[in-house]
>>> print(open('upload_29.cif').read())   # mmCIF, C-alpha atoms and all ligand atoms
data_work
loop_
_atom_site.label_atom_id
_atom_site.label_comp_id
_atom_site.auth_asym_id
_atom_site.auth_seq_id
_atom_site.Cartn_x
_atom_site.Cartn_y
_atom_site.Cartn_z
CA MET A 7 18.80 17.53 -31.14
CA SER A 8 15.57 17.37 -29.15
CA LYS A 9 13.66 14.15 -29.20
CA ARG A 10 10.12 14.07 -30.47
CA PRO A 11 7.51 13.78 -27.70
CA ALA A 12 5.21 10.78 -27.40
CA ILE A 13 1.48 11.29 -27.74
CA LEU A 14 -0.80 9.53 -25.27
CA HIS A 15 -4.52 9.22 -25.89
CA PHE A 16 -6.54 8.46 -22.75
CA HIS A 17 -9.91 7.14 -23.92
CA GLY A 18 -13.28 7.09 -22.16
CA TYR A 19 -13.37 7.89 -18.46
CA LEU A 20 -9.57 7.67 -18.24
CA ALA A 21 -9.53 11.26 -19.53
CA ASP A 22 -11.43 12.33 -16.38
CA LEU A 23 -8.74 10.79 -14.17
CA LEU A 24 -5.87 12.81 -15.65
CA ARG A 25 -4.21 15.36 -13.42
CA ARG A 26 -5.19 18.84 -14.42
CA ASP A 27 -1.96 20.60 -13.49
CA GLU A 28 0.81 21.70 -15.87
CA PRO A 29 1.36 20.91 -18.67
CA GLY A 30 -2.15 19.49 -18.66
CA PRO A 31 -4.00 17.25 -21.04
CA ASP A 32 -6.43 18.61 -23.55
CA ALA A 33 -10.16 18.09 -23.14
CA ARG A 34 -10.19 14.90 -25.20
CA GLY A 35 -7.63 13.13 -23.03
CA MET A 36 -4.61 13.69 -25.26
CA VAL A 37 -1.27 14.24 -23.54
CA ILE A 38 1.88 15.33 -25.34
CA TYR A 39 4.61 13.68 -23.32
CA PRO A 40 8.30 14.59 -23.60
CA VAL A 41 10.25 11.34 -23.30
CA THR A 42 13.12 12.46 -21.11
CA ARG A 43 13.76 9.21 -19.23
CA ARG A 44 13.44 5.46 -19.64
CA ALA A 45 10.20 4.63 -17.90
CA SER A 46 7.56 1.97 -18.21
CA ILE A 47 4.20 2.97 -19.60
CA LYS A 48 2.67 1.93 -16.27
CA ASP A 49 4.75 4.47 -14.33
CA ILE A 50 3.97 7.18 -16.87
CA ILE A 51 0.22 6.47 -16.80
CA GLU A 52 0.10 6.60 -13.00
CA ALA A 53 2.20 9.77 -12.81
CA LEU A 54 -0.40 11.38 -15.08
CA GLY A 55 -3.31 10.29 -12.83
CA PRO A 56 -5.13 7.05 -13.69
CA PRO A 57 -4.34 3.97 -11.55
CA HIS A 58 -3.08 0.97 -13.54
CA THR A 59 -6.12 -1.01 -12.38
CA GLU A 60 -8.33 1.14 -14.64
CA ILE A 61 -6.42 0.33 -17.83
CA GLY A 62 -8.01 -2.31 -20.04
CA ARG A 63 -5.76 -2.17 -23.10
CA ILE A 64 -2.62 -0.37 -24.25
CA GLU A 65 -1.64 0.03 -27.89
CA ALA A 66 1.68 1.59 -28.91
CA ASP A 67 1.63 2.61 -32.58
CA GLY A 68 -1.26 0.20 -33.03
CA ARG A 69 0.45 -2.78 -31.37
CA GLU A 70 -0.90 -4.16 -28.08
CA VAL A 71 1.69 -3.93 -25.30
CA GLY A 72 1.96 -4.69 -21.57
CA PHE A 73 2.57 -2.43 -18.60
CA GLY A 74 6.34 -2.90 -18.86
CA HIS A 75 6.51 -1.30 -22.31
CA LEU A 76 9.15 1.45 -22.45
CA LEU A 77 7.79 4.58 -24.06
CA GLU A 78 9.74 5.66 -27.15
CA PRO A 79 10.08 9.20 -28.52
CA GLY A 80 7.51 9.88 -31.22
CA GLU A 81 5.35 6.93 -30.22
CA GLU A 82 1.58 7.26 -30.25
CA VAL A 83 -0.12 5.33 -27.47
CA ASP A 84 -3.83 4.56 -27.01
CA LEU A 85 -4.97 3.80 -23.47
CA ARG A 86 -8.41 2.28 -23.08
CA PRO A 87 -10.30 1.79 -19.83
CA LEU A 88 -11.49 -1.51 -18.44
CA ALA A 89 -14.55 -2.56 -20.35
CA ALA A 90 -17.34 -4.98 -19.54
CA PRO A 91 -17.20 -7.92 -19.55
CA PHE A 92 -13.83 -7.96 -17.76
CA ASN A 93 -13.02 -11.61 -17.05
CA VAL A 94 -10.52 -11.77 -14.18
CA LEU A 95 -10.40 -15.57 -14.46
CA ARG A 96 -8.57 -15.44 -17.81
CA PRO A 97 -4.98 -14.32 -18.38
CA SER A 98 -4.41 -11.18 -20.45
CA LEU A 99 -1.39 -9.27 -21.66
CA LEU A 100 -1.80 -6.68 -18.89
CA ARG A 101 -2.63 -9.24 -16.18
CA PRO A 102 -1.02 -12.57 -17.09
CA GLU A 103 -1.82 -14.18 -13.70
CA PRO A 104 -5.61 -14.50 -13.50
CA LEU A 105 -7.55 -14.91 -10.27
CA PRO A 106 -8.68 -18.42 -9.31
CA ARG A 107 -12.15 -17.20 -8.29
CA ILE A 108 -14.21 -14.07 -7.82
CA ALA A 109 -13.44 -12.45 -4.47
CA PHE A 110 -13.27 -8.84 -3.37
CA ALA A 111 -11.43 -6.67 -0.87
CA VAL A 112 -13.36 -3.49 -0.22
CA ASP A 113 -11.73 -0.34 1.11
CA ALA A 114 -13.03 1.45 4.22
CA ASN A 115 -14.52 4.16 1.97
CA ALA A 116 -17.12 1.79 0.46
CA GLY A 117 -18.53 -0.15 3.42
CA GLN A 118 -22.10 -0.32 2.15
CA LEU A 119 -20.90 -1.83 -1.11
CA ALA A 120 -19.16 -4.55 0.91
CA THR A 121 -22.44 -5.34 2.69
CA LEU A 122 -24.31 -5.52 -0.62
CA LEU A 123 -21.72 -7.84 -2.15
CA ARG A 124 -21.92 -10.10 0.91
CA THR A 125 -25.71 -10.05 0.66
CA LEU A 126 -25.39 -11.43 -2.87
CA GLY A 127 -23.04 -14.12 -1.59
CA PHE A 128 -19.73 -12.80 -2.91
CA ASP A 129 -16.66 -13.46 -0.80
CA THR A 130 -15.89 -9.88 0.29
CA ALA A 131 -13.13 -8.93 2.71
CA TYR A 132 -13.90 -5.68 4.49
CA ASP A 133 -12.29 -4.28 7.59
CA ARG A 134 -12.55 -0.55 8.01
CA THR A 135 -9.63 -0.49 10.41
CA LEU A 136 -7.23 -1.72 7.69
CA ASP A 137 -4.88 0.84 6.16
CA ASP A 138 -3.80 0.77 2.53
CA THR A 139 -0.72 -1.38 3.05
CA PRO A 140 -2.37 -4.31 4.89
CA LEU A 141 -5.38 -4.11 2.57
CA ALA A 142 -3.17 -4.34 -0.54
CA GLU A 143 -1.23 -7.20 1.06
CA LEU A 144 -4.44 -9.04 1.90
CA ALA A 145 -5.73 -8.65 -1.67
CA ALA A 146 -2.43 -9.96 -3.10
CA ARG A 147 -2.21 -12.86 -0.65
CA GLU A 148 -5.81 -14.01 -1.09
CA GLY A 149 -6.29 -13.07 -4.76
CA ARG A 150 -8.97 -10.42 -4.35
CA ILE A 151 -10.22 -7.57 -6.51
CA VAL A 152 -9.69 -4.28 -4.68
CA LEU A 153 -12.66 -1.89 -4.76
CA SER A 154 -11.86 1.62 -3.59
CA LYS A 155 -12.43 5.31 -4.12
CA ASP A 156 -8.76 5.88 -3.33
CA ARG A 157 -6.55 6.14 -6.41
CA GLY A 158 -3.41 5.92 -4.28
CA LEU A 159 -4.39 2.47 -3.04
CA LEU A 160 -5.11 1.25 -6.59
CA LYS A 161 -1.72 2.51 -7.78
CA ARG A 162 0.11 0.15 -5.46
CA SER A 163 2.02 -2.53 -7.34
CA LEU A 164 0.65 -5.25 -5.03
CA VAL A 165 -2.83 -4.49 -6.36
CA VAL A 166 -3.27 -6.32 -9.66
CA PHE A 167 -7.04 -6.39 -10.00
CA GLY A 168 -9.05 -3.42 -8.83
CA CYS A 169 -11.74 -0.99 -9.68
CA LEU A 170 -12.03 2.68 -8.83
CA ILE A 171 -15.42 3.41 -7.27
CA ARG A 172 -16.67 6.59 -8.90
CA THR A 173 -20.07 7.14 -7.29
CA ASP A 174 -21.19 7.61 -3.68
CA LYS A 175 -24.41 5.63 -4.08
CA PRO A 176 -23.98 2.02 -2.90
CA HIS A 177 -26.55 0.52 -5.27
CA GLU A 178 -24.93 2.35 -8.19
CA GLN A 179 -21.57 1.01 -7.04
CA LEU A 180 -22.98 -2.52 -6.97
CA ARG A 181 -24.48 -2.10 -10.40
CA ALA A 182 -21.12 -0.92 -11.80
CA ILE A 183 -19.29 -3.90 -10.28
CA LEU A 184 -21.82 -6.49 -11.48
CA ARG A 185 -21.70 -4.99 -14.94
CA LEU A 186 -17.93 -4.64 -15.25
CA PHE A 187 -17.11 -8.16 -14.02
CA ASP A 188 -20.19 -9.63 -15.72
CA LEU A 189 -21.48 -11.19 -12.52
CA ARG A 190 -24.84 -12.56 -13.55
CA PRO A 191 -27.50 -14.33 -11.52
CA PRO A 192 -28.18 -16.70 -9.90
CA TYR A 193 -26.54 -15.34 -6.74
CA HIS A 194 -26.24 -17.05 -3.40
CA LEU A 195 -28.38 -14.46 -1.69
CA PHE A 196 -28.26 -14.27 2.12
CA SER A 197 -25.69 -17.04 2.35
CA ARG A 198 -22.98 -15.07 4.17
CA CYS A 199 -22.74 -13.22 7.45
CA LEU A 200 -22.95 -9.52 6.66
CA LEU A 201 -20.60 -8.75 9.54
CA CYS A 202 -17.96 -11.48 9.15
CA ASN A 203 -18.17 -12.61 5.49
CA VAL A 204 -18.34 -16.21 6.75
CA PRO A 205 -20.80 -18.64 5.06
CA LEU A 206 -23.88 -19.17 7.25
CA GLU A 207 -24.90 -22.57 8.58
CA PRO A 208 -28.46 -23.81 9.11
CA VAL A 209 -29.46 -24.09 12.74
CA PRO A 210 -32.52 -25.92 14.19
CA LYS A 211 -35.13 -23.54 15.52
CA ALA A 212 -35.31 -25.43 18.81
CA GLU A 213 -31.65 -24.70 19.43
CA ILE A 214 -32.05 -20.92 19.26
CA MET A 215 -35.71 -20.56 20.28
CA HIS A 216 -34.77 -18.80 23.51
CA ARG A 217 -33.00 -16.03 21.57
CA LEU A 218 -35.95 -15.11 19.33
CA LEU A 219 -38.51 -12.39 19.84
CA PRO A 220 -42.10 -13.69 20.16
CA LEU A 221 -43.20 -12.61 16.66
CA THR A 222 -40.11 -14.08 15.02
CA ARG A 223 -40.66 -17.29 16.94
CA GLN A 224 -44.24 -17.37 15.70
CA HIS A 225 -43.74 -16.55 12.01
CA TYR A 226 -40.41 -18.07 10.96
CA SER A 227 -39.07 -21.58 10.85
CA ASP A 228 -35.84 -21.40 8.78
CA PHE A 229 -32.83 -20.04 10.61
CA HIS A 230 -29.15 -19.73 9.89
CA ARG A 231 -26.30 -18.87 12.18
CA CYS A 232 -22.89 -17.35 11.64
CA PRO A 233 -20.30 -19.80 12.96
CA SER A 234 -17.98 -16.88 13.65
CA CYS A 235 -20.05 -14.24 15.48
CA ASP A 236 -23.13 -16.36 16.34
CA LYS A 237 -25.55 -13.87 14.78
CA ILE A 238 -28.87 -15.46 13.76
CA TYR A 239 -30.44 -14.82 10.35
CA TRP A 240 -33.93 -15.56 9.08
CA PRO A 241 -35.80 -14.59 5.88
CA GLY A 242 -37.65 -11.51 7.14
CA SER A 243 -39.37 -8.88 5.01
CA HIS A 244 -36.03 -7.23 4.19
CA HIS A 245 -35.19 -10.36 2.19
CA ASP A 246 -38.11 -9.80 -0.21
CA HIS A 247 -37.24 -6.13 -0.52
CA MET A 248 -33.60 -6.89 -1.26
CA ARG A 249 -34.50 -9.66 -3.71
CA GLU A 250 -36.72 -7.26 -5.64
CA ARG A 251 -33.98 -4.63 -5.82
CA ILE A 252 -31.44 -7.17 -7.03
CA GLU A 253 -33.84 -8.54 -9.63
CA LYS A 254 -34.46 -5.04 -10.93
CA ILE A 255 -30.74 -4.30 -11.18
CA CYS A 256 -30.19 -7.57 -13.06
CA ARG A 257 -33.09 -6.91 -15.42
CA ASP A 258 -31.56 -3.53 -16.26
CA LEU A 259 -28.04 -4.90 -16.62
CA PHE A 260 -28.42 -8.28 -18.22
CA MET A 261 -31.83 -7.97 -19.87
CA ASP A 262 -33.09 -11.49 -20.46
CA SER A 263 -30.81 -13.25 -18.00
CA ALA A 264 -32.38 -11.94 -14.76
CA GLY A 265 -34.18 -14.75 -13.05
CA SER A 266 -32.92 -17.37 -15.48
CA ASN A 267 -30.44 -19.97 -14.40
CA THR A 268 -28.49 -20.12 -17.60
CA SER A 269 -25.25 -18.59 -16.42
CA PRO A 270 -22.96 -19.75 -13.62
CA GLY A 271 -23.28 -18.18 -10.21
CA PRO A 272 -20.35 -16.50 -8.50
CA ASP A 273 -19.18 -19.58 -6.63
CA LYS A 274 -19.75 -22.01 -9.48
CA ARG A 275 -17.57 -20.48 -12.15
CA ASN A 276 -15.07 -22.81 -13.63
CA PRO A 277 -11.45 -21.77 -13.44
CA PRO A 278 -9.80 -21.00 -16.77
CA VAL A 279 -8.44 -23.96 -18.65
ZN ZN B 1 -20.78 -13.28 11.65
#
>>> encode(input="upload_29.cif", output="structure tokens", more="lines below")
Ligand SMILES: [Zn+2]
Amino acid sequence: MSKRPAILHFHGYLADLLRRDEPGPDARGMVIYPVTRRASIKDIIEALGPPHTEIGRIEADGREVGFGHLLEPGEEVDLRPLAAPFNVLRPSLLRPEPLPRIAFAVDANAGQLATLLRTLGFDTAYDRTLDDTPLAELAAREGRIVLSKDRGLLKRSLVVFGCLIRTDKPHEQLRAILRLFDLRPPYHLFSRCLLCNVPLEPVPKAEIMHRLLPLTRQHYSDFHRCPSCDKIYWPGSHHDHMRERIEKICRDLFMDSAGSNTSPGPDKRNPPV
């Protein structure tokens, strides 16, 4: 006697991530799945296309289940994508070990996003020479959210928290990340080295005077230095430009909270209790 197939409903953008080869999902993200082996729902989801990092909730016959759930014949499963606000500092059924803080590991395919996140003050590991394996290991070891365009990287079991980057425009990528993880202002703008990710330290002007161009020497008095690479930073016109762009993004995303100091900044969030 043949077993009844399971029916999987991939909601939202998860439907766009389904493989389009045989037998193929229908246009609404429904997959009729013959249960021929004992497999976890996580393995089945990833074999069909979407990385586990994109899944926000799984319901089997209306009951919320974890990634280890074994699919049963005849079962009807709803798979919903990550939805904002996604709080990585709280445990959930899918991700019982929360992160202790907000920190990112950005893949080589999204370098400009890494620079933007560092500009806002977020701890962001980025090394474009790292392959998938060391990047996944780094994220696991240091508790970082992996941001990548590469589904293969996000399917690795070492990667617990991640987000698939689905646009090529860096400011759109930043907007998506701020929105998903609900990262509201105030930010610690210009507090990190854009090259090293290391927090900057103030440095007396007199100490670095000899390294400044005449106009910089004339017009600026506040300087910071990267203790790692020794690069010098000062609040030039690009700061105002960047601040305006960030304020606009926050106005669009968080409406009344842009510019207000009502919510905790990225480094001030309390760990879950
Ligand atoms: Zn540096």
>>> residues_around(input="upload_29.cif", residues="Arg10 of chain A", least_positions_apart="6", cutoff="8 Å", atoms="only C-alpha atoms", output="ChimeraX atom specification")
/A:40-41,79-80
>>> write_last_selection(input="upload_29.cif", atoms="C-alpha atoms", output="compact mmCIF listing (two decimals), in the frame of the given file")
# COMPACT_ATOMS: atom_id res chain seq x y z
CA PRO A 40 8.30 14.59 -23.60
CA VAL A 41 10.25 11.34 -23.30
CA PRO A 79 10.08 9.20 -28.52
CA GLY A 80 7.51 9.88 -31.22
>>> atom_distance(input="upload_29.cif", atom1="atom CA of Leu76 of chain A", atom2="atom CA of Ala145 of chain A")
27.5 Å
>>> closest_residue(input="upload_29.cif", among="A:Arg150, A:Lys155, A:Arg249, A:Arg63", to="Asp84 of chain A", atoms="only C-alpha atoms")
A:Arg63
>>> residues_near_point(input="upload_29.cif", point="(-15.2, -3.4, 6.4)", cutoff="12 Å", atoms="only C-alpha atoms", output="ChimeraX atom specification")
/A:110-124,130-137,141,153-154,200-203
>>> closest_atom_pairs(input="upload_29.cif", of="chain A", to="ligand ZN 1 (chain B)", cutoff="9 Å", atoms="all atoms listed in the file", output="JSON lines")
{"residue": "A:Arg198", "atom": "CA", "partner": "B:ZN1", "partner_atom": "ZN", "distance": 8.0}
{"residue": "A:Cys199", "atom": "CA", "partner": "B:ZN1", "partner_atom": "ZN", "distance": 4.6}
{"residue": "A:Leu200", "atom": "CA", "partner": "B:ZN1", "partner_atom": "ZN", "distance": 6.6}
{"residue": "A:Leu201", "atom": "CA", "partner": "B:ZN1", "partner_atom": "ZN", "distance": 5.0}
{"residue": "A:Cys202", "atom": "CA", "partner": "B:ZN1", "partner_atom": "ZN", "distance": 4.2}
{"residue": "A:Asn203", "atom": "CA", "partner": "B:ZN1", "partner_atom": "ZN", "distance": 6.7}
{"residue": "A:Val204", "atom": "CA", "partner": "B:ZN1", "partner_atom": "ZN", "distance": 6.2}
{"residue": "A:Pro205", "atom": "CA", "partner": "B:ZN1", "partner_atom": "ZN", "distance": 8.5}
{"residue": "A:Leu206", "atom": "CA", "partner": "B:ZN1", "partner_atom": "ZN", "distance": 8.0}
{"residue": "A:Arg231", "atom": "CA", "partner": "B:ZN1", "partner_atom": "ZN", "distance": 7.9}
{"residue": "A:Cys232", "atom": "CA", "partner": "B:ZN1", "partner_atom": "ZN", "distance": 4.6}
{"residue": "A:Pro233", "atom": "CA", "partner": "B:ZN1", "partner_atom": "ZN", "distance": 6.7}
{"residue": "A:Ser234", "atom": "CA", "partner": "B:ZN1", "partner_atom": "ZN", "distance": 5.0}
{"residue": "A:Cys235", "atom": "CA", "partner": "B:ZN1", "partner_atom": "ZN", "distance": 4.0}
{"residue": "A:Asp236", "atom": "CA", "partner": "B:ZN1", "partner_atom": "ZN", "distance": 6.1}
{"residue": "A:Lys237", "atom": "CA", "partner": "B:ZN1", "partner_atom": "ZN", "distance": 5.7}
{"residue": "A:Ile238", "atom": "CA", "partner": "B:ZN1", "partner_atom": "ZN", "distance": 8.6}
>>> axis_aligned_box(input="upload_29.cif", around="segment 162-174 of chain A", padding_each_side="8 Å", output="lines of an AutoDock Vina configuration file")
center_x = -9.6
center_y = 0.6
center_z = -6.8
size_x = 39.2
size_y = 30.0
size_z = 22.3
>>> closest_residue(input="upload_29.cif", among="A:Phe187, A:Phe196, A:Tyr39, A:Tyr226", to="Phe167 of chain A", atoms="only C-alpha atoms")
A:Phe187
>>> residues_around(input="upload_29.cif", residues="Gly72 of chain A", least_positions_apart="5", cutoff="7 Å", atoms="all atoms listed in the file", output="PyMOL selection string")
chain A and resi 64+99-100
>>> atom_distance(input="upload_29.cif", atom1="atom CA of Val165 of chain A", atom2="atom CA of Tyr19 of chain A")
20.3 Å
>>> residues_around(input="upload_29.cif", residues="Leu14 of chain A", least_positions_apart="2", cutoff="6 Å", atoms="all atoms listed in the file", output="PyMOL selection string")
chain A and resi 36-37+82-83
>>> closest_residue(input="upload_29.cif", among="A:Leu20, A:Lys48, A:His75, A:Ala142", to="Ala89 of chain A", atoms="all atoms listed in the file")
A:Leu20
>>> atom_distance(input="upload_29.cif", atom1="atom CA of Glu143 of chain A", atom2="atom CA of Ala45 of chain A")
25.1 Å
>>> closest_residue(input="upload_29.cif", among="A:Pro241, A:Pro87, A:Gly149, A:Pro97", to="Ser197 of chain A", atoms="all atoms listed in the file")
A:Pro241
>>> residues_around(input="upload_29.cif", residues="Arg181 of chain A", least_positions_apart="6", cutoff="9 Å", atoms="all atoms listed in the file", output="mmCIF file with C-alpha atoms, keeping the file's coordinate frame")
data_model
loop_
_atom_site.group_PDB
_atom_site.id
_atom_site.type_symbol
_atom_site.label_atom_id
_atom_site.label_comp_id
_atom_site.auth_asym_id
_atom_site.auth_seq_id
_atom_site.Cartn_x
_atom_site.Cartn_y
_atom_site.Cartn_z
ATOM 1 C CA ILE A 255 -30.740 -4.300 -11.180
ATOM 2 C CA CYS A 256 -30.190 -7.570 -13.060
ATOM 3 C CA LEU A 259 -28.040 -4.900 -16.620
#
>>> closest_residue(input="upload_29.cif", among="A:His225, A:His245, A:Arg107, A:Arg86", to="Gly18 of chain A", atoms="only C-alpha atoms")
A:Arg86
>>> decode(input="upload_29.cif", residues="segment 199-264 of chain A", atoms="C-alpha atoms", output="mmCIF file, in the first residue's frame")
data_model
loop_
_atom_site.group_PDB
_atom_site.id
_atom_site.type_symbol
_atom_site.label_atom_id
_atom_site.label_comp_id
_atom_site.auth_asym_id
_atom_site.auth_seq_id
_atom_site.Cartn_x
_atom_site.Cartn_y
_atom_site.Cartn_z
ATOM 1 C CA CYS A 199 37.637 51.066 11.664
ATOM 2 C CA LEU A 200 36.058 50.347 8.298
ATOM 3 C CA LEU A 201 39.031 48.184 7.350
ATOM 4 C CA CYS A 202 39.620 46.209 10.558
ATOM 5 C CA ASN A 203 36.297 46.305 12.475
ATOM 6 C CA VAL A 204 38.251 47.415 15.557
ATOM 7 C CA PRO A 205 36.770 50.189 17.779
ATOM 8 C CA LEU A 206 38.545 53.512 17.142
ATOM 9 C CA GLU A 207 40.398 55.409 19.843
ATOM 10 C CA PRO A 208 40.645 59.187 20.191
ATOM 11 C CA VAL A 209 44.059 60.585 19.384
ATOM 12 C CA PRO A 210 45.395 64.103 20.165
ATOM 13 C CA LYS A 211 45.784 66.223 17.063
ATOM 14 C CA ALA A 212 49.336 67.148 18.033
ATOM 15 C CA GLU A 213 50.329 63.501 17.918
ATOM 16 C CA ILE A 214 49.296 63.005 14.290
ATOM 17 C CA MET A 215 49.664 66.565 12.973
ATOM 18 C CA HIS A 216 52.550 65.578 10.717
ATOM 19 C CA ARG A 217 50.352 63.034 8.909
ATOM 20 C CA LEU A 218 47.554 65.464 7.975
ATOM 21 C CA LEU A 219 47.091 67.370 4.760
ATOM 22 C CA PRO A 220 47.144 71.176 5.198
ATOM 23 C CA LEU A 221 43.373 71.654 4.794
ATOM 24 C CA THR A 222 42.553 68.834 7.194
ATOM 25 C CA ARG A 223 45.013 70.289 9.678
ATOM 26 C CA GLN A 224 43.296 73.651 9.339
ATOM 27 C CA HIS A 225 39.636 72.618 9.536
ATOM 28 C CA TYR A 226 39.435 69.638 11.905
ATOM 29 C CA SER A 227 40.277 69.125 15.530
ATOM 30 C CA ASP A 228 38.720 65.757 16.497
ATOM 31 C CA PHE A 229 40.645 62.714 15.377
ATOM 32 C CA HIS A 230 40.426 58.998 15.989
ATOM 33 C CA ARG A 231 42.882 56.271 15.194
ATOM 34 C CA CYS A 232 42.538 52.567 14.557
ATOM 35 C CA PRO A 233 44.726 50.752 17.087
ATOM 36 C CA SER A 234 45.110 47.903 14.616
ATOM 37 C CA CYS A 235 46.007 49.485 11.252
ATOM 38 C CA ASP A 236 46.840 53.039 12.446
ATOM 39 C CA LYS A 237 44.435 54.662 9.964
ATOM 40 C CA ILE A 238 43.305 58.135 11.063
ATOM 41 C CA TYR A 239 39.637 59.175 10.957
ATOM 42 C CA TRP A 240 38.047 62.601 11.261
ATOM 43 C CA PRO A 241 34.479 63.875 10.734
ATOM 44 C CA GLY A 242 34.767 65.083 7.134
ATOM 45 C CA SER A 243 31.898 65.940 4.807
ATOM 46 C CA HIS A 244 31.251 62.243 4.100
ATOM 47 C CA HIS A 245 30.100 61.950 7.719
ATOM 48 C CA ASP A 246 27.238 64.414 7.182
ATOM 49 C CA HIS A 247 26.286 62.706 3.944
ATOM 50 C CA MET A 248 26.273 59.277 5.574
ATOM 51 C CA ARG A 249 24.365 60.541 8.612
ATOM 52 C CA GLU A 250 21.661 61.959 6.349
ATOM 53 C CA ARG A 251 21.336 58.682 4.443
ATOM 54 C CA ILE A 252 21.075 56.679 7.655
ATOM 55 C CA GLU A 253 18.501 59.067 9.095
ATOM 56 C CA LYS A 254 16.408 58.738 5.960
ATOM 57 C CA ILE A 255 16.568 54.940 6.056
ATOM 58 C CA CYS A 256 15.522 54.967 9.724
ATOM 59 C CA ARG A 257 12.671 57.389 9.085
ATOM 60 C CA ASP A 258 11.374 55.055 6.384
ATOM 61 C CA LEU A 259 11.843 51.922 8.475
ATOM 62 C CA PHE A 260 10.959 52.908 11.992
ATOM 63 C CA MET A 261 8.789 55.979 11.409
ATOM 64 C CA ASP A 262 8.778 57.942 14.646
ATOM 65 C CA SER A 263 11.869 56.381 16.181
ATOM 66 C CA ALA A 264 14.486 57.925 13.848
#
